[in-house]
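Step one of this worksheet: look at the structure below.
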Amino acid sequence: MPKFNQTMKTLYNILYTTLAVFALLQTSVAWAQVAKPNVQISGSVLDEKGNTMPFATIGLLKAKDSSLVKGAITTENGSYKFERVNQGSYIVRVNVMGYTKTNSKPINVNADATDIKVPVIKLSSSSKALKEVNITSNKPLIERKFDRTIMNVENSVLAAGNSALEILERAPGVTIDKDDNISLKGKQGVTVMLDGKLTYLSSAQLATLLRSTDGNTIQSIEIITNPSAKYDASGNSGIINIKLKKNKMAGTNGSLSLSGGLGTYFKSSESLSLNHKDGKVNIFGSYSHGNRERANNFQLNRLVDSATKTTYFTQHTFMGQKPYNNNYRFGIDYDITKKNTIGFLVNGYFNGEHNYNDNNTLIGDQPNVIQSHQYTYSQVDQSYTNFALNLNDKYQIDTAGQELSFDIDYSKFNNNNNAHYDTYFYTPAGVQQFPPAFIRNQSPSTITINTEKLDYAYPLTKTLKLEAGFKTSNVKTDNDLQAQLLKSGTWINDTSRTNRFVYNEQIIAGYFNLAKEFKKTSVQVGLRTEHTTSNGDLISRNGVPVIRKYLDLFPSLFINQTLSPKNEVSFSYSRRIDRPGYDDLNPFVFYLDQYTYSQGNPFLNPQYTHSFEFNYTYNKAINVTLSYSHTSDAITEIILTDTLAKSTHQTRLNLQSQNAYNINVYAPYTISKWWNGNVSLITYYINFKSNDLAGGNLDDGKAAFQLKTTQTFLLSKTFKAEVATNYQSPQTYGIYKIEQRYSADAGLSKSFMEKKLNIKFSVSDVFNTNRNRLSSRYQSVNFDLNQKNESRVGRLTLTYNFGNAKIKMRQHSTNSDEKNRVKGGN
């Protein structure tokens with residue numbers, strides 16, 4: 001009960017503070033609105049036969065220069081209206097495909113004007129009118145917008161047959177390391193969202209989810225480097241939002257996709273999506289299945305210096321992985337009224353993976369001299385299930401833009417891991433040196449997530465808008481490691497490793513954004529507050545729980561200035577937080593062999609980041625960004641060496657600080673009407689500092705750059721080719737020296753049957769050059785690692801679109817944008 005009372009008290013304080021700010025803003029605006037309200041302009045549109053013209057595009061233009069003031073769409077009875085129109089002279093323009101563009105007579109709004117009724121506007125058919133049109137779009141693969149970069153995956157040749165993780169690696173500024181950690185502009189700490197919902201997963205679990213997400217189900221990937229206060233404050237390098245396909249055409253339609261790939265092993269995937277919209281109801285669903293067996297080879301050479309001698313280890317490991325995935329998604333949206341839509345979504349997966357590893361370790365006290373040989377064979381069987389529910393409602397309070405929305409999410413993950421490790425010890429001659437060691441682990445884990453979120457938007461005036469909202473999230477993880485040793489033919493409990501770790505986390509948040517539009521300047525200020533309570537309890541060891549409670553403020557500022565029609569500049573600032581991942585806090589020990597293992601750190605603190613970004617855009621296309629960020633208590637992966645046990649283990653620690661400097665240049669180009677592309681160049685310098693790391697002082701960094709290009713060749717209306725290249729220069733990250741990486745991808749796409757059938761063939765890493773190579777020489781740490789994953793894969797993908805592919809333009813205009821159901825477990 002005390003815990004509940006404390007939670008309610010915290011929520012009350014956040015609500016009271018935000019409402020007080022809101023009330024103050026309302027009062028100030030009320031004084032500004034004592035004057036007479038602005039005029040409303042309304043009217044209606046008919047076609048050449050005198051029938052009403054629903055869903056026509058209407059523009060209110062200044063009569064002097066025809067510049068657009070407001071936009072609208074006619075209702076089902078052909079009427080339209082513009083509210084809060086200032087004094088001036090205007091014309092109304094109607095634009096509908098198949099009809100001649102038509103203007104009204106000039107409309108004068110003076111100080112004494114009342115609401116104005118525009119005479120009926122009657123359209124005439126164009127000589128090129130079509131009864132039906134096939135709606136198609138040729139969006140560029142990479143789009144740059146004011147606050148984000150968008151990678152349009154849906155029609156990309158290179159995305160066909162790939163997983164979400166493989167596609168993400170091709171996004172501008174994104175890199176994925178040997179352990180599937182995601183970096184943006186050279187920095188880790190990326191928050192990944194699916195359809196606007198936080199995943200709340202550890203890095204390993206997130207990688208598994210993204211590997212099992214079929215690329216054919218993805219619409220686009222959004223990269224937001226400096227999010228506003230509306231978003232959760234987590235993610236020091238930004239947010240990556242993966243948007244899934246959701247068709248809202250009237251009628252019934254769908255898509256079936258089959259893909260086969262060949263690398264070291266054969267891979268296959270299948271996906272089916274269906275959509276039905278009839279009147280007020282929109283029902284949609286999808287299912288995907290995949291088998292993507294893959295291979296991974298790595299070599300680890302390390303040197304351990306002790307007080308008496310030096311020992312050399314050479315490890316060769318082959319890792320085979322046989323994953324399978326089954327992902328499903330079902331939802332329904334219902335328009336209660338024209339202004340209120342309620343939605344329900346069910347999604348989840350049941351996936352599994354069989355891993356088998358061959359690990360050979362050669363040991364000696366001199367280079368290239370073998371004194372003993374250790375061989376470990378391991379089998380790891382894993383299963384992952386997830387079930388998630390979402391209930392959402394979006395209510396448009398008025399036509400001025402006032403709206404209220406809420407989301408309630410529940411999600412549960414069940415992961416099971418059963419591992420067997422058999423280790424044999426030999427002399428250089430291959431004679432058994434010691435009795436073999438047999439160990440096994442069972443490590444079931446459960447993650448339960450509950451979130452509730454409320455958002456409110458209110459245009460205080462024509463140029464002043466307020467956004468505010470609240471969110472609560474409760475996360476519980478339960479990890480139970482059961483370890484046994486085989487002794488005299490009997491499995492016995494290994495008390496040194498058996499453990500249970502339970503972690504609870506509650507976050508209560510509130511925010512507001514205030515945006516103001518001037519003639520050539522727009523400003524947005526925001527503040528988010530988050531109160532976090534966490535409890536990490538090592539139950540089976542009778543350890544002291546690690547309890548944390550902290551309240552943080554996260555301000556944000558965005559300024560955009562239009563210098564001329566072709567030149568824009570902007571500045572943004574935000575403060576952000578990264579809380580430790582659940583697996584990073586888990587103190588369990590996971591072995592590769594007795595000399596190599598990983599271990600979590602329950603004493604990790606959150607890291608905080610101040611981010612500054614200056615942006616210049618030329619002609620809405622070429623973009624240059626300068627950014628700087630400072631992170632305190634930087635959570636960093638570290639490999640440490642125990643000179644007594646001669647072992648090397650991987651963990652995460654808080655380093656004193658991280659400073660990152662970035663220059664990002666993005667430029668699309670068109671060589672001819674059949675050849676276009678884009679180039680993205682990111683140059684950065686990342687420096688880590690720590691006054692006491694493994695007995696030494698760390699102060700290291702290095703300038704590096706990443707160059708990505710994409711080229712599209714339109715060989716005909718139904719035939720195109722794409723080529724993508726990626727180069728990552730050598731870099732320094734913490735105690736690691738990382739060597740260069742480079743690769744090239746290519747693909748072809750051909751459409752048939754009026755674009756209902758599409759065949760795509762692609763090859764990833766055409767020249768098989770993509771590999772991870774890194775080393776470290778810090779204090780007692782001395783190693784070189786060379787890792788080569790199965791990266792060159794040829795894929796053939798067939799996609800068939802069926803159902804209502806052709807619709808009338810007027811019907812198409814009725815479809816609203818995708819619902820942005822945000823902040824939940826997925």
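In the structure tokens, the first chain shown is A, the next is B, and so on; residue numbers restart at 1 for each chain, and ligands run from 1 in the order shown.
By chain and then residue number, the residues within 6 Å of segment 690-700 of chain A are Leu655, Gln656, Asn687 and Phe688 of chain A, counting only C-alpha atoms and disregarding those fewer than 2 positions away in sequence.
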| message | Considering only strand (DSSP E or B) as DSSP defines it on the backbone, what residues of segment 362-461 of chain A qualify? List them as a PyMOL selection string. | response | chain A and resi 362-364+366+369+372-396+403-426+432-442+445-459
| Which residues, written as JSON, numbers by chain, have at least one atom at most 9 Å from Val45 of chain A, with only C-alpha atoms counted and residues fewer than 3 positions away on the same chain left out? | {"A": [50, 51, 52, 53, 54, 56, 74, 77, 78, 79, 80, 94, 120, 121, 122, 123]}
Using 10 Å as the limit and counting only C-alpha atoms, can you tabulate each residue of segment 214-263 of chain A that touches segment 520-526 of chain A, with its shortest atom-to-atom distance in Å and the two atoms involved, as a tab-separated table?
residue	atom	partner	partner_atom	distance
A:Ser228	CA	A:Gly526	CA	6.9
A:Ala229	CA	A:Gly526	CA	5.4
A:Lys230	CA	A:Gly526	CA	8.0
| message | At a cut-off of 9 Å, using only C-alpha atoms, what residues contact Asn386 of chain A? Leave out same-chain residues fewer than 2 positions from it and give the result as a list of chain:residue names. | response | A:Asn347, A:Gly348, A:Tyr349, A:Phe350, A:Asn351, A:Tyr384, A:Ala388, A:Ser411, A:Lys412, A:Phe413, A:Asn414, A:Asn415, A:Asn826
| Could you pull the residues within 7 Å of Glu293 of chain A, counting only C-alpha atoms, minus those fewer than 4 positions along the same chain, as a ChimeraX atom specification? | /A:265-267,321-323
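Of the listed residues A:Tyr733, A:Phe406, A:Phe438, A:Trp674, the one whose atoms come nearest to Glu637 of chain A is A:Tyr733, with distances taken using only C-alpha atoms.
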Counting only C-alpha atoms, which residues of segment 442-482 of chain A fall within 10 Å of segment 575-591 of chain A, and what is the closest atom pair for each with its distance in Å at one decimal, ordered by chain and rising number, as CSV?
residue,atom,partner,partner_atom,distance
A:Ser443,CA,A:Phe588,CA,9.9
A:Ile447,CA,A:Tyr582,CA,9.7
A:Lys476,CA,A:Tyr582,CA,9.7
A:Thr477,CA,A:Tyr582,CA,7.6
A:Asp478,CA,A:Asn586,CA,9.9
A:Asn479,CA,A:Asn586,CA,8.0
A:Asp480,CA,A:Phe588,CA,9.3
A:Leu481,CA,A:Phe588,CA,7.4
Selection near segment 791-800 of chain A, 7 Å with only C-alpha atoms, sequence-local residues under 4 positions removed, as a short mmCIF file (atom, residue, chain, number, x, y, z; two decimals) with C-alpha atoms, in the first residue's frame:
data_model
loop_
_atom_site.label_atom_id
_atom_site.label_comp_id
_atom_site.auth_asym_id
_atom_site.auth_seq_id
_atom_site.Cartn_x
_atom_site.Cartn_y
_atom_site.Cartn_z
CA ALA A 160 12.81 -8.05 -50.69
CA GLY A 161 13.36 -11.26 -48.75
CA SER A 255 -0.58 -9.24 -50.82
CA LEU A 256 1.17 -12.62 -50.89
CA SER A 257 4.96 -12.83 -50.96
CA LEU A 258 7.29 -15.83 -51.30
CA SER A 259 11.07 -15.58 -51.03
CA GLY A 260 13.97 -18.00 -51.33
CA GLY A 261 17.63 -17.24 -50.69
CA LEU A 262 20.92 -19.10 -50.99
CA GLY A 263 24.15 -18.32 -49.16
CA LYS A 756 -0.10 -7.12 -59.68
CA LEU A 757 2.80 -9.57 -59.89
CA ASN A 758 6.32 -8.53 -59.01
CA ILE A 759 9.54 -10.57 -59.20
CA LYS A 760 12.68 -9.34 -57.45
CA PHE A 761 16.18 -10.78 -57.49
CA SER A 762 18.88 -9.36 -55.22
CA VAL A 763 22.33 -10.21 -53.91
CA SER A 764 23.56 -8.82 -50.61
CA ASP A 765 27.29 -8.23 -50.11
CA VAL A 766 28.01 -9.10 -53.74
CA ASN A 768 31.59 -11.09 -49.82
CA ASN A 770 31.64 -7.54 -45.09
#
| query | With only C-alpha atoms as the atoms that count, which of A:Asn282, A:Thr361, A:Asn772, A:Thr427 lies nearest to Thr175 of chain A? | reply |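 Looking only at the distances to Thr175 of chain A, the closest residue turns out to be A:Asn772.
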| field | For Ile439 of chain A, the nearest of the candidates A:Thr732, A:Glu353, A:Leu592, A:Asn301, counting only C-alpha atoms | value |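 Answer, going by the shortest atom-to-atom distance: A:Leu592.
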| request: Using only C-alpha atoms, determine which residues lie at most 6 Å from Ser657 of chain A, disregarding the query and same-chain residues fewer than 6 positions distant; provide the list as a list of chain:residue names. | output: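 After dropping sequence-adjacent residues, the list is A:Thr631, A:Ser632, A:Asp633, A:Ala634, A:Phe688, A:Lys689.
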| Atomic separation - atom CA of Ile167 of chain A relative to atom CA of Leu210 of chain A, Å |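 Computed distance, atom CA of Leu210 of chain A to atom CA of Ile167 of chain A, equals 9.6 Å.
Considering only C-alpha atoms, the residue among A:Ser627, A:Thr562, A:Gln599, A:Asn327 positioned nearest to Ser237 of chain A is A:Ser627.
Using only C-alpha atoms for every distance, the candidate list A:Leu681, A:Leu774, A:Ile223, A:Ala429 yields A:Leu681 as the residue closest to Tyr666 of chain A.
Take atom CA of Thr495 of chain A and atom CA of Tyr597 of chain A: the distance between them is 17.3 Å.
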